[in-house]
file run37.pdb (PDB, C-alpha atoms)
ATOM      1  CA  MET A   1     -59.119 -95.169  64.863
ATOM      2  CA  THR A   2     -60.483 -91.835  63.647
ATOM      3  CA  ALA A   3     -63.061 -91.445  60.907
ATOM      4  CA  ALA A   4     -61.826 -90.171  57.554
ATOM      5  CA  ARG A   5     -62.700 -86.558  56.860
ATOM      6  CA  HIS A   6     -64.872 -85.936  53.791
ATOM      7  CA  TRP A   7     -62.970 -84.273  50.928
ATOM      8  CA  ALA A   8     -65.534 -81.432  50.717
ATOM      9  CA  TYR A   9     -64.809 -80.342  54.295
ATOM     10  CA  GLY A  10     -61.670 -78.531  53.139
ATOM     11  CA  LEU A  11     -63.719 -76.425  50.709
ATOM     12  CA  ILE A  12     -66.401 -75.290  53.173
ATOM     13  CA  GLY A  13     -66.027 -71.643  54.107
ATOM     14  CA  ARG A  14     -63.776 -70.644  51.221
ATOM     15  CA  PRO A  15     -64.895 -67.237  49.956
ATOM     16  CA  TYR A  16     -67.087 -66.473  46.960
ATOM     17  CA  ARG A  17     -65.551 -64.432  44.153
ATOM     18  CA  ARG A  18     -67.046 -64.001  40.697
ATOM     19  CA  ASP A  19     -65.225 -65.953  37.949
ATOM     20  CA  ALA A  20     -63.039 -67.771  40.509
ATOM     21  CA  ALA A  21     -62.417 -71.502  40.120
ATOM     22  CA  GLY A  22     -60.275 -72.170  43.192
ATOM     23  CA  PRO A  23     -58.488 -73.351  44.989
ATOM     24  CA  ASP A  24     -58.694 -70.336  47.344
ATOM     25  CA  CYS A  25     -62.072 -68.860  46.295
ATOM     26  CA  PHE A  26     -64.923 -69.831  43.985
ATOM     27  CA  ASP A  27     -68.037 -68.739  42.191
ATOM     28  CA  CYS A  28     -70.780 -71.350  41.834
ATOM     29  CA  TRP A  29     -69.713 -72.735  38.426
ATOM     30  CA  GLY A  30     -66.022 -72.494  39.351
ATOM     31  CA  LEU A  31     -66.695 -74.718  42.364
ATOM     32  CA  VAL A  32     -68.488 -77.304  40.204
ATOM     33  CA  ARG A  33     -65.568 -77.285  37.743
ATOM     34  CA  HIS A  34     -63.044 -77.638  40.584
ATOM     35  CA  VAL A  35     -64.900 -80.563  42.182
ATOM     36  CA  PHE A  36     -65.178 -82.508  38.930
ATOM     37  CA  ARG A  37     -61.540 -81.892  38.006
ATOM     38  CA  GLU A  38     -60.140 -82.757  41.448
ATOM     39  CA  GLN A  39     -62.486 -85.585  42.451
ATOM     40  CA  LEU A  40     -63.331 -87.250  39.112
ATOM     41  CA  GLY A  41     -60.646 -86.045  36.683
ATOM     42  CA  ILE A  42     -63.300 -84.455  34.435
ATOM     43  CA  GLU A  43     -62.561 -81.070  32.847
ATOM     44  CA  MET A  44     -65.516 -78.729  32.429
ATOM     45  CA  PRO A  45     -65.478 -75.593  30.217
ATOM     46  CA  PHE A  46     -65.268 -72.089  31.730
ATOM     47  CA  VAL A  47     -68.516 -70.106  31.949
ATOM     48  CA  ALA A  48     -68.492 -66.556  33.354
ATOM     49  CA  VAL A  49     -71.065 -66.148  36.123
ATOM     50  CA  GLY A  50     -73.465 -63.272  35.584
ATOM     51  CA  GLU A  51     -73.184 -63.173  31.799
ATOM     52  CA  GLU A  52     -76.388 -62.878  29.805
ATOM     53  CA  GLY A  53     -77.459 -66.396  28.884
ATOM     54  CA  ASN A  54     -75.447 -67.873  31.763
ATOM     55  CA  LEU A  55     -77.825 -70.792  32.359
ATOM     56  CA  ARG A  56     -77.804 -71.759  28.682
ATOM     57  CA  ALA A  57     -73.989 -71.554  28.660
ATOM     58  CA  ILE A  58     -73.761 -73.829  31.706
ATOM     59  CA  ARG A  59     -76.154 -76.328  30.096
ATOM     60  CA  ARG A  60     -73.985 -76.396  26.954
ATOM     61  CA  ALA A  61     -70.800 -76.813  29.040
ATOM     62  CA  VAL A  62     -72.361 -79.682  30.961
ATOM     63  CA  ALA A  63     -73.629 -81.383  27.762
ATOM     64  CA  VAL A  64     -70.193 -81.135  26.124
ATOM     65  CA  SER A  65     -68.740 -82.875  29.175
ATOM     66  CA  GLY A  66     -71.113 -85.845  28.809
ATOM     67  CA  TRP A  67     -73.872 -84.969  31.280
ATOM     68  CA  ARG A  68     -77.457 -85.653  30.262
ATOM     69  CA  PRO A  69     -80.810 -84.605  31.744
ATOM     70  CA  VAL A  70     -82.300 -86.846  34.407
ATOM     71  CA  ARG A  71     -85.880 -87.630  33.541
ATOM     72  CA  SER A  72     -87.102 -89.255  36.760
ATOM     73  CA  GLY A  73     -86.294 -89.492  40.444
ATOM     74  CA  GLY A  74     -84.411 -86.930  42.457
ATOM     75  CA  PRO A  75     -80.796 -85.842  42.331
ATOM     76  CA  LYS A  76     -78.024 -88.291  43.281
ATOM     77  CA  GLU A  77     -74.402 -87.840  44.312
ATOM     78  CA  TRP A  78     -72.315 -86.068  41.630
ATOM     79  CA  ASP A  79     -75.383 -84.640  39.872
ATOM     80  CA  ILE A  80     -75.127 -81.028  38.746
ATOM     81  CA  VAL A  81     -78.133 -79.017  39.950
ATOM     82  CA  THR A  82     -79.287 -75.560  38.886
ATOM     83  CA  MET A  83     -81.887 -73.292  40.411
ATOM     84  CA  ARG A  84     -82.891 -69.681  40.629
ATOM     85  CA  SER A  85     -81.384 -67.684  43.467
ATOM     86  CA  PRO A  86     -81.857 -64.140  44.750
ATOM     87  CA  TRP A  87     -78.743 -63.275  42.689
ATOM     88  CA  GLY A  88     -79.777 -65.021  39.448
ATOM     89  CA  PRO A  89     -79.134 -68.531  38.079
ATOM     90  CA  HIS A  90     -77.199 -70.771  40.443
ATOM     91  CA  VAL A  91     -75.465 -74.159  40.198
ATOM     92  CA  GLY A  92     -74.030 -76.704  42.608
ATOM     93  CA  VAL A  93     -73.041 -80.350  42.850
ATOM     94  CA  MET A  94     -74.652 -83.026  44.984
ATOM     95  CA  VAL A  95     -72.389 -84.792  47.505
ATOM     96  CA  ARG A  96     -73.077 -87.524  50.033
ATOM     97  CA  ALA A  97     -71.811 -86.470  53.463
ATOM     98  CA  ASN A  98     -72.891 -86.716  57.092
ATOM     99  CA  GLY A  99     -75.349 -89.476  56.218
ATOM    100  CA  GLY A 100     -77.267 -87.417  53.672
ATOM    101  CA  LEU A 101     -77.276 -85.852  50.246
ATOM    102  CA  LEU A 102     -76.202 -82.200  50.238
ATOM    103  CA  MET A 103     -75.722 -79.556  47.588
ATOM    104  CA  LEU A 104     -72.184 -78.185  47.672
ATOM    105  CA  HIS A 105     -72.252 -74.665  46.276
ATOM    106  CA  ALA A 106     -70.565 -71.277  46.435
ATOM    107  CA  VAL A 107     -72.874 -68.512  47.601
ATOM    108  CA  GLN A 108     -72.329 -64.786  47.207
ATOM    109  CA  GLY A 109     -71.832 -63.284  50.670
ATOM    110  CA  LEU A 110     -71.432 -66.695  52.346
ATOM    111  CA  GLY A 111     -68.804 -68.676  50.428
ATOM    112  CA  VAL A 112     -68.717 -72.436  49.924
ATOM    113  CA  CYS A 113     -71.320 -74.372  51.904
ATOM    114  CA  ALA A 114     -73.171 -77.696  51.824
ATOM    115  CA  GLN A 115     -76.921 -77.738  52.398
ATOM    116  CA  ALA A 116     -79.881 -80.072  52.031
ATOM    117  CA  LEU A 117     -82.047 -79.108  49.048
ATOM    118  CA  ARG A 118     -85.097 -78.817  51.308
ATOM    119  CA  ASP A 119     -83.377 -75.970  53.222
ATOM    120  CA  LEU A 120     -82.628 -73.775  50.199
ATOM    121  CA  PRO A 121     -86.107 -72.196  49.670
ATOM    122  CA  VAL A 122     -85.806 -70.519  53.088
ATOM    123  CA  GLN A 123     -82.847 -68.543  51.689
ATOM    124  CA  GLY A 124     -84.746 -67.454  48.576
ATOM    125  CA  TYR A 125     -83.702 -70.218  46.201
ATOM    126  CA  GLN A 126     -86.517 -71.223  43.880
ATOM    127  CA  ALA A 127     -87.471 -74.499  42.274
ATOM    128  CA  LEU A 128     -84.796 -76.741  40.876
ATOM    129  CA  CYS A 129     -84.519 -76.075  37.166
ATOM    130  CA  TRP A 130     -82.876 -79.377  36.231
ATOM    131  CA  TRP A 131     -80.202 -81.791  37.202
ATOM    132  CA  ARG A 132     -77.734 -83.633  35.007
ATOM    133  CA  ARG A 133     -75.924 -86.911  35.417
ATOM    134  CA  VAL A 134     -73.186 -88.623  33.424
ATOM    135  CA  GLU A 135     -73.536 -92.334  32.773
ATOM    136  CA  GLY A 136     -71.568 -94.347  35.323
ATOM    137  CA  VAL A 137     -70.853 -91.448  37.707
ATOM    138  CA  GLY A 138     -72.669 -91.612  41.024
ATOM    139  CA  CYS A 139     -75.226 -94.133  39.822
TER     140      CYS A 139
END
call {"tool": "encode", "arguments": {"input": "run37.pdb", "output": "structure tokens"}}
result
Amino acid sequence: MTAARHWAYGLIGRPYRRDAAGPDCFDCWGLVRHVFREQLGIEMPFVAVGEEGNLRAIRRAVAVSGWRPVRSGGPKEWDIVTMRSPWGPHVGVMVRANGGLLMLHAVQGLGVCAQALRDLPVQGYQALCWWRRVEGVGC
């Protein structure tokens, strides 16, 4: 018997393209929207990456979709995480794969990848700004 392949595996390596929401290429918010639509049946509003006020727009889009700030503990599977990157505000979604919790995100110049949060500062990502969770999802 072979082990089942994680659903995110098919997304890894797909190219980054601004304002793309898949399935062939993604920007960071487009990937989050795609994952929630395909994996959880949750529609998230469009937000153009790179617009002035992008982070505020993403926070509003997440709030409209039922996500609320997490006040304690670290991120869990299905949480939406934002941070500062060398290219500006950045967002990804936490997934449980390969025995650990990884951030699935689309990176300019790299494409879709999954990384442990502890590895992101080496690439210039700064402190996590916040994470959001919807009641009953991933808890």
call {"tool": "residues_near_point", "arguments": {"input": "run37.pdb", "point": "(-60.5, -80.1, 52.4)", "cutoff": "12 Å", "atoms": "all atoms listed in the file", "output": "CSV table (one decimal) with C-alpha atoms, in the coordinates of the input"}}
result
chain,number,residue,atom,x,y,z
A,4,ALA,CA,-61.8,-90.2,57.6
A,5,ARG,CA,-62.7,-86.6,56.9
A,6,HIS,CA,-64.9,-85.9,53.8
A,7,TRP,CA,-63.0,-84.3,50.9
A,8,ALA,CA,-65.5,-81.4,50.7
A,9,TYR,CA,-64.8,-80.3,54.3
A,10,GLY,CA,-61.7,-78.5,53.1
A,11,LEU,CA,-63.7,-76.4,50.7
A,12,ILE,CA,-66.4,-75.3,53.2
A,13,GLY,CA,-66.0,-71.6,54.1
A,14,ARG,CA,-63.8,-70.6,51.2
A,23,PRO,CA,-58.5,-73.4,45.0
A,24,ASP,CA,-58.7,-70.3,47.3
A,35,VAL,CA,-64.9,-80.6,42.2
A,38,GLU,CA,-60.1,-82.8,41.4
A,39,GLN,CA,-62.5,-85.6,42.5
A,112,VAL,CA,-68.7,-72.4,49.9
call {"tool": "closest_atom_pairs", "arguments": {"input": "run37.pdb", "of": "region 24-48 of chain A", "to": "region 87-106 of chain A", "cutoff": "8 Å", "atoms": "only C-alpha atoms", "output": "CSV"}}
result
residue,atom,partner,partner_atom,distance
A:Phe26,CA,A:Ala106,CA,6.3
A:Asp27,CA,A:Ala106,CA,5.6
A:Cys28,CA,A:Ala106,CA,4.6
A:Trp29,CA,A:Val91,CA,6.2
A:Leu31,CA,A:Ala106,CA,6.6
A:Val32,CA,A:Gly92,CA,6.1
call {"tool": "write_last_selection", "arguments": {"input": "run37.pdb", "atoms": "C-alpha atoms", "output": "mmCIF file, in the coordinates of the input"}}
result
data_model
loop_
_atom_site.group_PDB
_atom_site.id
_atom_site.type_symbol
_atom_site.label_atom_id
_atom_site.label_comp_id
_atom_site.auth_asym_id
_atom_site.auth_seq_id
_atom_site.Cartn_x
_atom_site.Cartn_y
_atom_site.Cartn_z
ATOM 1 C CA PHE A 26 -64.923 -69.831 43.985
ATOM 2 C CA ASP A 27 -68.037 -68.739 42.191
ATOM 3 C CA CYS A 28 -70.780 -71.350 41.834
ATOM 4 C CA TRP A 29 -69.713 -72.735 38.426
ATOM 5 C CA LEU A 31 -66.695 -74.718 42.364
ATOM 6 C CA VAL A 32 -68.488 -77.304 40.204
#
call {"tool": "resolve_selection", "arguments": {"input": "run37.pdb", "expression": "the PyMOL selection byres ((chain A and resi 45) around 8)", "output": "list of chain:residue names"}}
result
A:Arg33, A:Glu43, A:Met44, A:Phe46, A:Val47, A:Ala61
call {"tool": "residues_near_point", "arguments": {"input": "run37.pdb", "point": "(-75.1, -81.8, 37.4)", "cutoff": "10 Å", "atoms": "only C-alpha atoms", "output": "PyMOL selection string"}}
result
chain A and resi 32+58-59+62-63+67-70+75-82+91-94+130-134
call {"tool": "write_last_selection", "arguments": {"input": "run37.pdb", "atoms": "C-alpha atoms", "output": "short mmCIF file (atom, residue, chain, number, x, y, z; two decimals), keeping the file's coordinate frame"}}
result
data_model
loop_
_atom_site.label_atom_id
_atom_site.label_comp_id
_atom_site.auth_asym_id
_atom_site.auth_seq_id
_atom_site.Cartn_x
_atom_site.Cartn_y
_atom_site.Cartn_z
CA VAL A 32 -68.49 -77.30 40.20
CA ILE A 58 -73.76 -73.83 31.71
CA ARG A 59 -76.15 -76.33 30.10
CA VAL A 62 -72.36 -79.68 30.96
CA ALA A 63 -73.63 -81.38 27.76
CA TRP A 67 -73.87 -84.97 31.28
CA ARG A 68 -77.46 -85.65 30.26
CA PRO A 69 -80.81 -84.60 31.74
CA VAL A 70 -82.30 -86.85 34.41
CA PRO A 75 -80.80 -85.84 42.33
CA LYS A 76 -78.02 -88.29 43.28
CA GLU A 77 -74.40 -87.84 44.31
CA TRP A 78 -72.32 -86.07 41.63
CA ASP A 79 -75.38 -84.64 39.87
CA ILE A 80 -75.13 -81.03 38.75
CA VAL A 81 -78.13 -79.02 39.95
CA THR A 82 -79.29 -75.56 38.89
CA VAL A 91 -75.46 -74.16 40.20
CA GLY A 92 -74.03 -76.70 42.61
CA VAL A 93 -73.04 -80.35 42.85
CA MET A 94 -74.65 -83.03 44.98
CA TRP A 130 -82.88 -79.38 36.23
CA TRP A 131 -80.20 -81.79 37.20
CA ARG A 132 -77.73 -83.63 35.01
CA ARG A 133 -75.92 -86.91 35.42
CA VAL A 134 -73.19 -88.62 33.42
#
call {"tool": "atom_distance", "arguments": {"input": "run37.pdb", "atom1": "CA of Gly30 (chain A)", "atom2": "CA of Ala116 (chain A)"}}
result
20.3 Å
call {"tool": "closest_residue", "arguments": {"input": "run37.pdb", "among": "A:Pro86, A:Leu40, A:Val107, A:Arg17", "to": "Tyr125 (chain A)", "atoms": "only C-alpha atoms"}}
result
A:Pro86
call {"tool": "atom_distance", "arguments": {"input": "run37.pdb", "atom1": "CA of Cys25 (chain A)", "atom2": "CA of Gly41 (chain A)"}}
result
19.7 Å
call {"tool": "atom_distance", "arguments": {"input": "run37.pdb", "atom1": "CA of Gln126 (chain A)", "atom2": "CA of Gly111 (chain A)"}}
result
19.1 Å
call {"tool": "closest_residue", "arguments": {"input": "run37.pdb", "among": "A:Ala21, A:Tyr16, A:Ser85, A:Phe36", "to": "Gly109 (chain A)", "atoms": "all atoms listed in the file"}}
result
A:Tyr16
